[in-house]
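One file, upload.cif, carrying mmCIF, C-alpha atoms and all ligand atoms:
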data_target
loop_
_atom_site.label_atom_id
_atom_site.label_comp_id
_atom_site.auth_asym_id
_atom_site.auth_seq_id
_atom_site.Cartn_x
_atom_site.Cartn_y
_atom_site.Cartn_z
CA MET A 454 -18.72 8.54 4.68
CA ASN A 455 -17.87 9.16 8.31
CA ASN A 456 -19.73 6.50 10.18
CA ASN A 457 -17.97 5.97 13.48
CA ASN A 458 -17.92 9.48 14.96
CA LEU A 459 -14.27 10.09 14.22
CA PRO A 460 -13.59 13.54 12.78
CA GLY A 461 -13.99 13.50 9.01
CA LEU A 462 -10.59 15.06 8.44
CA ALA A 463 -8.39 13.52 5.79
CA LYS A 464 -5.42 13.66 8.14
CA LEU A 465 -4.14 11.85 11.21
CA PRO A 466 -3.92 13.89 14.42
CA LEU A 467 -0.49 14.43 16.05
CA SER A 468 -1.47 12.03 18.83
CA GLU A 469 -1.46 9.17 16.31
CA PHE A 470 2.18 9.74 15.34
CA GLU A 471 3.10 10.10 19.01
CA THR A 472 1.40 6.79 19.72
CA HIS A 473 3.33 5.18 16.85
CA ARG A 474 6.61 6.43 18.37
CA LYS A 475 5.51 5.28 21.84
CA ASN A 476 4.77 1.82 20.48
CA PHE A 477 8.19 1.60 18.87
CA PHE A 478 9.86 2.75 22.11
CA THR A 479 8.22 -0.14 23.98
CA LYS A 480 9.93 -2.56 21.55
CA MET A 481 13.38 -1.00 22.10
CA ALA A 482 15.88 -2.37 24.59
CA ASP A 483 17.00 -0.05 27.36
CA ASN A 484 20.06 2.02 26.50
CA SER A 485 19.46 1.92 22.76
CA VAL A 486 19.10 4.30 19.82
CA ALA A 487 16.92 3.91 16.69
CA PHE A 488 17.35 5.72 13.38
CA PHE A 489 14.71 6.37 10.71
CA SER A 490 15.52 8.20 7.52
CA ALA A 491 13.26 10.37 5.38
CA ALA A 492 13.26 9.81 1.62
CA SER A 493 15.27 12.01 -0.74
CA GLU A 494 13.93 13.67 -3.83
CA VAL A 495 14.34 11.62 -6.99
CA THR A 496 15.42 13.23 -10.24
CA ARG A 497 13.13 12.59 -13.19
CA SER A 498 15.41 14.27 -15.71
CA ASN A 499 17.88 17.13 -15.52
CA ASP A 500 16.34 19.83 -13.29
CA THR A 501 13.01 18.11 -12.64
CA GLU A 502 12.04 15.76 -9.84
CA PHE A 503 9.32 13.12 -9.40
CA ALA A 504 6.56 14.09 -6.96
CA PHE A 505 8.05 13.57 -3.51
CA CYS A 506 7.00 10.41 -1.69
CA GLN A 507 8.06 10.19 1.96
CA ASN A 508 9.69 7.07 3.37
CA LYS A 509 6.70 5.28 4.88
CA ASN A 510 8.34 4.13 8.12
CA PHE A 511 9.60 7.66 8.71
CA TYR A 512 6.16 9.06 7.93
CA TYR A 513 4.48 6.53 10.25
CA LEU A 514 6.60 7.75 13.16
CA THR A 515 6.58 11.49 12.39
CA GLY A 516 3.93 12.70 9.92
CA PHE A 517 6.80 14.92 8.69
CA ASN A 518 6.87 15.31 4.93
CA GLU A 519 10.21 16.91 4.03
CA PRO A 520 13.08 15.08 2.31
CA ASP A 521 16.46 14.16 3.83
CA ALA A 522 15.43 14.38 7.50
CA LEU A 523 16.51 11.87 10.16
CA LEU A 524 14.53 10.75 13.19
CA VAL A 525 16.49 9.51 16.20
CA LEU A 526 14.74 7.72 19.05
CA ILE A 527 16.78 7.40 22.23
CA LYS A 528 15.78 5.16 25.11
CA ARG A 529 17.95 5.49 28.18
CA GLU A 530 17.08 4.60 31.79
CA ALA A 531 13.39 4.52 30.95
CA GLN A 532 13.66 8.01 29.42
CA GLU A 533 12.44 8.36 25.86
CA GLN A 534 13.51 11.10 23.48
CA ALA A 535 12.46 11.79 19.91
CA ILE A 536 14.89 13.98 18.00
CA LEU A 537 14.53 15.31 14.45
CA PHE A 538 17.27 16.50 12.12
CA SER A 539 15.89 18.40 9.14
CA LEU A 540 16.71 20.95 6.45
CA PRO A 541 17.29 24.48 7.77
CA LYS A 542 15.13 27.50 7.01
CA ASP A 543 16.70 29.11 3.93
CA LYS A 544 15.04 32.13 2.40
CA SER A 545 16.48 31.98 -1.10
CA HIS A 546 16.07 28.19 -1.38
CA GLU A 547 12.49 28.47 -0.17
CA ILE A 548 11.68 31.15 -2.77
CA TRP A 549 12.76 28.76 -5.52
CA HIS A 550 11.65 25.39 -4.18
CA GLY A 551 9.06 25.80 -1.49
CA ARG A 552 8.63 26.36 2.24
CA ARG A 553 10.46 24.37 4.88
CA VAL A 554 9.12 23.73 8.35
CA GLY A 555 12.40 24.55 10.14
CA GLN A 556 13.48 23.30 13.55
CA GLU A 557 11.42 25.50 15.85
CA LYS A 558 8.09 24.80 14.18
CA ALA A 559 8.93 21.10 13.77
CA CYS A 560 9.21 20.70 17.53
CA GLN A 561 5.86 22.42 18.14
CA THR A 562 3.90 20.88 15.28
CA TYR A 563 5.21 17.33 15.36
CA GLY A 564 5.84 16.92 19.09
CA PHE A 565 9.57 16.13 18.95
CA ASP A 566 11.64 16.68 22.08
CA GLN A 567 14.44 18.38 20.14
CA CYS A 568 15.01 19.46 16.53
CA PHE A 569 18.30 20.28 14.87
CA THR A 570 19.53 21.10 11.37
CA LEU A 571 21.20 18.45 9.25
CA ALA A 572 24.53 20.28 9.68
CA GLU A 573 24.42 19.47 13.40
CA LYS A 574 23.78 15.78 12.76
CA ASN A 575 27.28 14.30 12.65
CA ASP A 576 28.47 15.64 16.02
CA LEU A 577 25.27 14.90 17.87
CA VAL A 578 24.74 11.39 16.52
CA SER A 579 28.26 10.44 17.60
CA GLN A 580 27.39 11.70 21.08
CA TYR A 581 24.16 9.68 21.15
CA LEU A 582 26.02 6.52 20.17
CA ASN A 583 28.66 6.92 22.87
CA GLY A 584 27.72 4.55 25.69
CA THR A 585 24.74 3.10 23.81
CA GLY A 586 24.45 -0.70 23.82
CA GLN A 587 22.12 -1.38 20.90
CA VAL A 588 21.20 0.32 17.65
CA TYR A 589 18.09 -0.09 15.49
CA PHE A 590 17.69 0.78 11.82
CA ALA A 591 16.07 -0.77 8.74
CA PHE A 592 18.64 -3.14 7.21
CA ASN A 593 16.90 -2.96 3.83
CA GLU A 594 17.62 0.76 3.52
CA ALA A 595 21.06 0.81 1.95
CA GLN A 596 21.77 4.52 2.27
CA LEU A 597 20.74 4.67 5.93
CA SER A 598 22.70 1.50 6.71
CA HIS A 599 25.79 3.00 5.11
CA GLN A 600 25.35 6.18 7.14
CA ILE A 601 24.96 4.26 10.42
CA PHE A 602 28.04 2.13 9.75
CA THR A 603 30.03 5.29 9.09
CA TYR A 604 28.90 6.68 12.47
CA LEU A 605 29.65 3.38 14.19
CA ALA A 606 33.15 3.31 12.69
CA GLN A 607 33.80 6.83 13.94
CA VAL A 608 32.63 5.99 17.46
CA ARG A 609 34.59 2.73 17.42
CA ALA A 610 37.73 4.66 16.39
CA SER A 611 37.47 6.73 19.56
CA VAL A 612 37.24 3.87 22.08
CA ARG A 613 40.80 4.47 23.26
CA GLN A 614 39.65 7.92 24.39
CA GLY A 615 37.19 6.19 26.69
CA VAL A 616 34.21 6.19 24.29
CA LYS A 617 31.94 3.11 24.49
CA ALA A 618 30.73 1.97 21.07
CA PRO A 619 27.48 0.02 20.49
CA THR A 620 27.97 -3.70 19.90
CA GLN A 621 24.52 -4.92 18.92
CA LEU A 622 22.66 -3.98 15.75
CA ASN A 623 18.96 -4.76 15.34
CA ASP A 624 16.84 -4.68 12.19
CA ALA A 625 14.06 -2.16 12.82
CA SER A 626 12.00 -3.43 9.87
CA PRO A 627 10.28 -6.48 11.37
CA ILE A 628 9.38 -4.43 14.46
CA ILE A 629 7.88 -1.50 12.62
CA ASP A 630 6.29 -3.80 10.01
CA ASP A 631 4.32 -5.51 12.76
CA LEU A 632 3.23 -2.19 14.24
CA ARG A 633 2.12 -0.89 10.85
CA LEU A 634 0.17 -4.07 10.13
CA ILE A 635 -2.43 -3.33 12.80
CA LYS A 636 -4.34 -0.16 12.06
CA SER A 637 -5.86 2.18 14.66
CA SER A 638 -9.41 3.46 14.35
CA TYR A 639 -8.07 6.74 12.95
CA GLU A 640 -6.07 4.94 10.29
CA ILE A 641 -9.09 2.82 9.42
CA GLU A 642 -11.22 5.95 9.10
CA LEU A 643 -8.66 7.43 6.70
CA MET A 644 -8.70 4.23 4.67
CA ARG A 645 -12.51 4.31 4.68
CA GLN A 646 -12.33 7.79 3.21
CA VAL A 647 -9.73 7.00 0.55
CA ASN A 648 -11.76 3.95 -0.44
CA TYR A 649 -14.91 6.04 -0.71
CA ILE A 650 -13.10 8.54 -2.96
CA SER A 651 -11.57 5.75 -5.05
CA CYS A 652 -14.99 4.11 -5.49
CA LEU A 653 -16.33 7.41 -6.85
CA ALA A 654 -13.42 7.43 -9.31
CA HIS A 655 -14.23 3.90 -10.53
CA GLN A 656 -17.88 4.91 -10.97
CA ARG A 657 -16.83 7.96 -12.97
CA ALA A 658 -14.64 5.76 -15.16
CA MET A 659 -17.59 3.44 -15.86
CA GLN A 660 -19.76 6.40 -16.82
CA LYS A 661 -17.13 8.06 -19.04
CA THR A 662 -15.99 4.93 -20.89
CA SER A 663 -16.87 4.36 -24.52
CA ALA A 664 -15.25 2.75 -27.53
CA GLY A 665 -12.71 4.90 -29.39
CA LEU A 666 -11.38 6.67 -26.30
CA PHE A 667 -7.81 5.99 -25.23
CA GLU A 668 -6.96 4.19 -22.00
CA TYR A 669 -5.06 7.23 -20.70
CA GLN A 670 -8.17 9.36 -21.14
CA ILE A 671 -9.99 7.09 -18.69
CA GLU A 672 -6.94 7.25 -16.39
CA ASN A 673 -7.38 11.01 -16.42
CA GLU A 674 -11.05 10.67 -15.37
CA ILE A 675 -9.89 8.58 -12.41
CA LEU A 676 -7.23 11.09 -11.33
CA HIS A 677 -9.72 13.93 -11.78
CA GLU A 678 -12.12 12.31 -9.34
CA PHE A 679 -9.35 11.55 -6.79
CA THR A 680 -8.24 15.17 -6.66
CA ARG A 681 -11.80 16.52 -6.71
CA HIS A 682 -12.30 14.79 -3.36
CA GLY A 683 -8.97 15.63 -1.78
CA ALA A 684 -6.75 12.67 -2.70
CA ARG A 685 -3.90 14.60 -4.33
CA TYR A 686 -2.09 11.54 -5.69
CA ALA A 687 -2.81 8.03 -6.89
CA ALA A 688 -1.33 5.47 -4.50
CA TYR A 689 0.31 3.65 -7.45
CA ALA A 690 0.43 3.85 -11.23
CA THR A 691 -3.16 3.50 -12.44
CA ILE A 692 -3.84 0.47 -14.62
CA VAL A 693 -6.38 1.05 -17.41
CA ALA A 694 -6.25 -2.08 -19.51
CA GLY A 695 -8.65 -2.66 -22.41
CA GLY A 696 -9.25 -6.18 -23.75
CA ASP A 697 -6.14 -8.37 -23.90
CA ASN A 698 -4.07 -5.69 -22.09
CA ALA A 699 -5.79 -6.87 -18.91
CA ASN A 700 -3.74 -10.06 -19.24
CA ILE A 701 -0.61 -8.02 -18.49
CA LEU A 702 -0.90 -7.84 -14.71
CA HIS A 703 0.90 -4.54 -14.17
CA TYR A 704 -0.03 -2.89 -17.47
CA THR A 705 0.53 0.86 -16.99
CA ASP A 706 1.18 1.95 -20.57
CA ASN A 707 -2.48 2.97 -20.83
CA SER A 708 -1.78 4.01 -24.41
CA GLU A 709 -4.23 2.07 -26.57
CA SER A 710 -7.73 2.84 -27.79
CA LEU A 711 -10.77 1.05 -26.40
CA ASN A 712 -12.60 -1.51 -28.54
CA ASP A 713 -16.35 -1.85 -28.56
CA ASN A 714 -16.68 -5.49 -27.55
CA ASP A 715 -13.84 -5.69 -25.04
CA LEU A 716 -13.80 -5.51 -21.26
CA LEU A 717 -11.91 -2.73 -19.50
CA LEU A 718 -9.94 -3.58 -16.35
CA ILE A 719 -9.11 -0.65 -14.07
CA ASP A 720 -6.86 -1.09 -11.04
CA ALA A 721 -6.70 2.28 -9.31
CA GLY A 722 -6.65 3.71 -5.83
CA GLY A 723 -6.07 7.15 -4.35
CA GLU A 724 -3.72 8.07 -1.55
CA LEU A 725 -4.88 10.12 1.41
CA SER A 726 -2.36 11.37 3.98
CA GLY A 727 -0.08 8.59 2.81
CA TYR A 728 -2.67 5.77 3.09
CA ALA A 729 -3.58 3.79 -0.01
CA ALA A 730 -6.67 2.31 -1.56
CA ASP A 731 -6.19 -0.53 -4.07
CA ILE A 732 -9.35 -1.29 -6.02
CA THR A 733 -9.97 -3.15 -9.27
CA ARG A 734 -13.11 -3.26 -11.35
CA THR A 735 -13.68 -4.82 -14.76
CA PHE A 736 -16.58 -3.80 -16.98
CA PRO A 737 -17.72 -3.90 -20.63
CA ILE A 738 -16.57 -0.93 -22.74
CA ASN A 739 -19.96 -0.76 -24.48
CA GLY A 740 -21.88 -1.12 -21.22
CA LYS A 741 -23.21 -4.64 -21.85
CA PHE A 742 -21.41 -7.90 -20.95
CA SER A 743 -21.30 -10.54 -23.70
CA THR A 744 -22.29 -14.11 -22.75
CA PRO A 745 -18.73 -15.42 -22.25
CA GLN A 746 -17.66 -12.23 -20.46
CA LYS A 747 -20.67 -12.57 -18.18
CA ALA A 748 -19.85 -16.19 -17.32
CA LEU A 749 -16.25 -15.49 -16.34
CA TYR A 750 -17.08 -12.23 -14.58
CA GLN A 751 -19.77 -13.87 -12.43
CA LEU A 752 -17.33 -16.61 -11.50
CA VAL A 753 -14.67 -14.16 -10.30
CA LEU A 754 -17.33 -12.19 -8.43
CA ASP A 755 -18.63 -15.35 -6.74
CA ALA A 756 -15.11 -16.24 -5.64
CA LYS A 757 -14.56 -12.79 -4.20
CA THR A 758 -17.89 -12.83 -2.38
CA GLN A 759 -17.29 -16.28 -0.89
CA VAL A 760 -13.79 -15.37 0.27
CA ILE A 761 -14.83 -12.09 1.87
CA SER A 762 -17.75 -13.69 3.69
CA ALA A 763 -15.25 -16.04 5.39
CA ILE A 764 -13.01 -13.25 6.73
CA ARG A 765 -12.91 -12.97 10.51
CA PRO A 766 -10.29 -13.15 13.25
CA GLY A 767 -8.43 -16.47 13.17
CA ILE A 768 -8.73 -17.08 9.43
CA THR A 769 -5.58 -17.11 7.25
CA PHE A 770 -4.78 -16.26 3.63
CA ALA A 771 -4.04 -19.98 3.23
CA LYS A 772 -7.63 -20.87 4.18
CA LEU A 773 -9.04 -18.10 1.98
CA ASN A 774 -6.96 -19.43 -0.91
CA GLU A 775 -8.63 -22.81 -0.47
CA ILE A 776 -12.05 -21.18 -0.73
CA ALA A 777 -11.02 -19.24 -3.85
CA ASN A 778 -9.47 -22.33 -5.43
CA GLU A 779 -12.55 -24.44 -4.83
CA CYS A 780 -14.88 -21.82 -6.27
CA LEU A 781 -12.76 -20.93 -9.32
CA THR A 782 -11.68 -24.47 -10.18
CA LYS A 783 -15.24 -25.77 -9.97
CA GLY A 784 -16.51 -22.82 -12.02
CA LEU A 785 -13.89 -23.32 -14.74
CA PHE A 786 -14.79 -27.02 -14.80
CA ASP A 787 -18.49 -26.16 -15.23
CA LEU A 788 -17.58 -23.88 -18.15
CA ALA A 789 -15.50 -26.74 -19.65
CA ILE A 790 -12.36 -24.59 -19.53
CA LEU A 791 -10.88 -27.21 -17.21
CA SER A 792 -11.57 -30.88 -17.78
CA GLY A 793 -10.82 -34.13 -15.97
CA ASP A 794 -11.65 -35.36 -12.50
CA LEU A 795 -13.07 -32.44 -10.50
CA ALA A 796 -11.74 -33.61 -7.13
CA GLU A 797 -8.26 -34.01 -8.64
CA LEU A 798 -8.49 -30.58 -10.28
CA VAL A 799 -9.41 -28.94 -6.97
CA LYS A 800 -6.64 -30.81 -5.18
CA ASN A 801 -4.10 -29.66 -7.78
CA LYS A 802 -5.38 -26.07 -7.66
CA ALA A 803 -6.03 -26.24 -11.41
CA CYS A 804 -7.50 -22.72 -11.47
CA LYS A 805 -4.00 -21.34 -10.94
CA LYS A 806 -3.42 -21.77 -14.67
CA TYR A 807 -5.76 -18.79 -15.16
CA PHE A 808 -5.60 -17.17 -11.70
CA ILE A 809 -1.93 -16.38 -11.85
CA HIS A 810 -1.36 -14.03 -8.91
CA GLY A 811 -1.93 -14.01 -5.17
CA LEU A 812 -5.39 -13.68 -3.64
CA GLY A 813 -4.53 -10.53 -1.71
CA HIS A 814 -2.03 -8.60 0.36
CA TRP A 815 -1.77 -6.27 3.35
CA LEU A 816 -2.76 -2.67 2.64
CA GLY A 817 -1.89 0.57 4.42
CA LEU A 818 0.75 3.26 3.95
CA ASP A 819 2.12 1.05 1.19
CA VAL A 820 -0.13 -0.50 -1.42
CA HIS A 821 1.65 -3.79 -0.88
CA ASP A 822 1.95 -3.05 2.80
CA VAL A 823 4.55 -4.38 5.20
CA GLY A 824 3.90 -7.24 7.61
CA ASP A 825 5.03 -10.86 7.67
CA TYR A 826 2.65 -13.37 6.04
CA HIS A 827 4.12 -16.33 7.99
CA ASN A 828 4.76 -18.31 4.81
CA ASN A 829 5.54 -21.99 5.24
CA ASP A 830 7.79 -23.93 2.85
CA LYS A 831 4.82 -24.47 0.53
CA LYS A 832 4.41 -20.68 0.27
CA GLU A 833 1.14 -20.89 2.19
CA GLN A 834 0.38 -17.74 4.19
CA LEU A 835 -0.46 -18.93 7.67
CA ARG A 836 -0.72 -15.74 9.70
CA ASP A 837 -3.94 -15.58 11.71
CA PHE A 838 -6.02 -12.51 10.93
CA ILE A 839 -6.68 -10.23 13.88
CA PRO A 840 -8.85 -7.10 14.19
CA GLY A 841 -7.26 -3.97 12.70
CA MET A 842 -5.55 -5.72 9.80
CA VAL A 843 -6.43 -4.25 6.40
CA LEU A 844 -6.00 -6.33 3.27
CA THR A 845 -7.08 -6.72 -0.32
CA ILE A 846 -9.04 -9.60 -1.81
CA GLU A 847 -8.52 -9.76 -5.56
CA PRO A 848 -9.37 -12.95 -7.42
CA GLY A 849 -8.94 -12.81 -11.17
CA LEU A 850 -9.01 -14.90 -14.33
CA TYR A 851 -6.76 -14.26 -17.31
CA MET A 852 -7.31 -15.77 -20.78
CA PRO A 853 -4.68 -14.34 -23.14
CA LEU A 854 -5.55 -13.77 -26.78
CA ASP A 855 -2.71 -16.04 -27.92
CA ASP A 856 -3.66 -19.00 -25.66
CA MET A 857 -4.66 -21.60 -28.26
CA ASP A 858 -5.50 -24.15 -25.52
CA ILE A 859 -8.75 -22.38 -24.71
CA GLU A 860 -11.82 -21.94 -26.87
CA GLU A 861 -11.85 -18.79 -28.97
CA GLN A 862 -14.78 -17.24 -27.08
CA TRP A 863 -12.65 -16.87 -23.91
CA ARG A 864 -9.51 -15.47 -25.52
CA GLY A 865 -8.59 -11.87 -24.75
CA ILE A 866 -10.63 -11.75 -21.55
CA GLY A 867 -8.86 -10.64 -18.38
CA ILE A 868 -10.88 -10.01 -15.23
CA ARG A 869 -9.90 -8.95 -11.72
CA ILE A 870 -12.19 -7.68 -8.96
CA GLU A 871 -10.44 -6.25 -5.92
CA ASP A 872 -11.86 -4.99 -2.63
CA ASN A 873 -10.24 -3.57 0.50
CA ILE A 874 -11.20 -5.26 3.76
CA VAL A 875 -10.73 -4.46 7.45
CA VAL A 876 -10.72 -7.38 9.88
CA THR A 877 -13.08 -6.52 12.76
CA SER A 878 -13.68 -8.24 16.10
CA ASN A 879 -16.58 -10.30 14.74
CA GLY A 880 -15.93 -10.46 10.98
CA CYS A 881 -14.91 -7.80 8.54
CA GLU A 882 -15.85 -4.49 6.99
CA ASN A 883 -15.69 -4.06 3.22
CA LEU A 884 -14.32 -0.57 2.58
CA THR A 885 -15.05 -0.94 -1.14
CA ALA A 886 -18.76 -1.67 -0.73
CA SER A 887 -19.86 1.49 -2.55
CA CYS A 888 -18.14 0.50 -5.81
CA PRO A 889 -20.54 -1.20 -8.30
CA GLU A 890 -19.68 -4.85 -8.89
CA THR A 891 -22.74 -6.88 -9.86
CA ILE A 892 -23.49 -7.28 -13.58
CA THR A 893 -26.86 -5.57 -13.11
CA ASP A 894 -25.43 -2.61 -11.14
CA ILE A 895 -22.63 -2.05 -13.65
CA GLU A 896 -24.91 -2.31 -16.70
CA THR A 897 -27.50 -0.04 -15.06
CA LEU A 898 -24.90 2.61 -14.18
CA MET A 899 -23.39 2.50 -17.66
CA ALA A 900 -26.80 2.78 -19.37
CA LYS A 901 -27.48 6.14 -17.66
MN MN A 1001 -3.79 -5.22 -5.02
#
How does the structure come out when it is put into structure tokens?
Ligand SMILES: [Mn+2]
Amino acid sequence: MNNNNLPGLAKLPLSEFETHRKNFFTKMADNSVAFFSAASEVTRSNDTEFAFCQNKNFYYLTGFNEPDALLVLIKREAQEQAILFSLPKDKSHEIWHGRRVGQEKACQTYGFDQCFTLAEKNDLVSQYLNGTGQVYFAFNEAQLSHQIFTYLAQVRASVRQGVKAPTQLNDASPIIDDLRLIKSSYEIELMRQVNYISCLAHQRAMQKTSAGLFEYQIENEILHEFTRHGARYAAYATIVAGGDNANILHYTDNSESLNDNDLLLIDAGGELSGYAADITRTFPINGKFSTPQKALYQLVLDAKTQVISAIRPGITFAKLNEIANECLTKGLFDLAILSGDLAELVKNKACKKYFIHGLGHWLGLDVHDVGDYHNNDKKEQLRDFIPGMVLTIEPGLYMPLDDMDIEEQWRGIGIRIEDNIVVTSNGCENLTASCPETITDIETLMAK
């Protein structure tokens, strides 16, 4: 599990978060201030909240996991300061709702230069903005943007008293997105671990599946295995889709019972210290692939294998899409699902009729992680891969039950196989390698 001598802790050390802040500082102009907001708790109903999920940019720069906090980075005359505003210690609130770190401990534990309570925020932020030239914040965060504009208006209102208000606003998102896109060896080790745990969960699901069970019961087996190994939460809503439900791409109802002759598609990944795995496997509910299921499954698997074997620095998603298209279109032609002139079919990407989503995406703190894909006007993703990028490869084929254009034997089959890949200096590492995928391995495991 831990194969590059990094400590096998499911946590990033403080130095990592300090490095993340340092890297953001180097992108800031001199005499500027950057703001990053923590998430707030979200009400589920009346007095109950959803499990707290920290704002990922804020987490990336702090490791701090409380709601409503604000990180301020100040760069002035080559001096860099990281300042945290957070909820105060409050005995009675903590008895009801849980412990808070408080300002003193936050400085020690998270390496901030100064920590203040939220009540001190308004006065101090106005001071920071006085005389500052440029401001950075994520434009896509509406609440934070509103807050910053309120501060800016206040500072602007005082210019006649000699206050100098900032005049240039910069979107922090593209900067931090690009930093988050390239993972450090610690982050990769975490993702190795969460993949390992998630692979165990998929194996457990294969072993526990049988006809008559409900999809949510298999979901529970997955979550059980995540938590058993230290991944407290799933990184996203687990998809357990029997038969034709697999043809709904983001099926999360997980409410139906499993039928003997159907396939089961499971798209599930754990989250470890905020980092996600995103793995899909598809297998027969009764443990044995039928002939048509086998044919389509092997085709998707071949496409995935061919694509992954081409991953190395310099390749692009656009190029990988060509490989997937060639493999899937040719395979569908051989199975007589597509007909016509093969060269024309490949040129027109005919497989897209049944492979209806993207080939993959960046992966990290978010399941669909941040980072520009460098799309051209044909929606081709032209960004060159470089070492440290982590991404998914997830070809699939979807043949809905009500699609009368295809032969009956294919209808109701939906297959996706999804692995998590790190780009390395000379190729790639498949983090999902321990999850059974060949027909033989799956049938053997399920026969036990
Ligand atoms: Mn995915």
>> Calculated over all atoms listed in the file, which of the candidates A:Tyr669, A:Phe478, A:Phe786, A:Trp815 has the smallest distance to Val876 (chain A)?
In response: A:Trp815
>> Please compute the CA of Asn828 (chain A)-CA of Pro627 (chain A) distance, one decimal, in Å.
In response: 14.6 Å
Would you pick out the contacts of Thr603 (chain A) at 12 Å or less, using all atoms listed in the file, so that residues sharing its chain but fewer than 6 positions from it are not included, and give the list as a CSV table (one decimal) with C-alpha atoms, in the frame of the given file?
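Dumped everything to part-v1.csv:
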chain,number,residue,atom,x,y,z
A,575,ASN,CA,27.3,14.3,12.6
A,578,VAL,CA,24.7,11.4,16.5
A,579,SER,CA,28.3,10.4,17.6
A,582,LEU,CA,26.0,6.5,20.2
A,596,GLN,CA,21.8,4.5,2.3
A,597,LEU,CA,20.7,4.7,5.9
A,609,ARG,CA,34.6,2.7,17.4
A,610,ALA,CA,37.7,4.7,16.4
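The closest residue to ligand MN 1001 (chain A), picked from A:Val753, A:Met899, A:Ile768, A:Ile719 and counting all atoms listed in the file, is A:Ile719.
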> Residues at most 12 Å from ligand MN 1001 (chain A), using all atoms listed in the file? Could they come as JSON, numbers by chain?
Replying inline: {"A": [688, 689, 690, 691, 692, 702, 703, 719, 720, 721, 722, 729, 730, 731, 732, 733, 734, 810, 811, 812, 813, 814, 815, 816, 817, 819, 820, 821, 822, 843, 844, 845, 846, 847, 848, 849, 869, 870, 871, 872, 873, 874]}
> Neighbours of Asn698 (chain A) within 12 Å (all atoms listed in the file; same-chain residues fewer than 6 positions away dropped), as a list in words?
Replying inline: Glu668, Ile692, Tyr704, Thr705, Asp706, Asn707, Ser708, Glu709, Ser710, Leu711, Asn712, Asp715, Leu716, Leu717, Leu718, Ile719, Tyr851, Met852, Pro853, Leu854, Asp855, Arg864, Gly865, Ile866, Gly867 and Ile868 of chain A
>> If we count all atoms listed in the file and set the cut-off at 9 Å, which residues sit around Phe538 (chain A), ignoring sequence neighbours fewer than 5 positions away in its own chain? Please answer as a PyMOL selection string.
In response: chain A and resi 521-525+556+567-574
>> Please list as a PyMOL selection string every residue within 8 Å of region 671-684 of chain A, counting only C-alpha atoms and excluding residues in the same chain fewer than 6 positions away.
In response: chain A and resi 463+647+650-651+653-655+657-658+661-662+691-693+707+721+723-725
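Take the candidates A:Tyr750, A:Tyr513, A:Tyr589, A:Phe770 and check each one against Ala482 (chain A) using all atoms listed in the file; the shortest distance goes to A:Tyr589.
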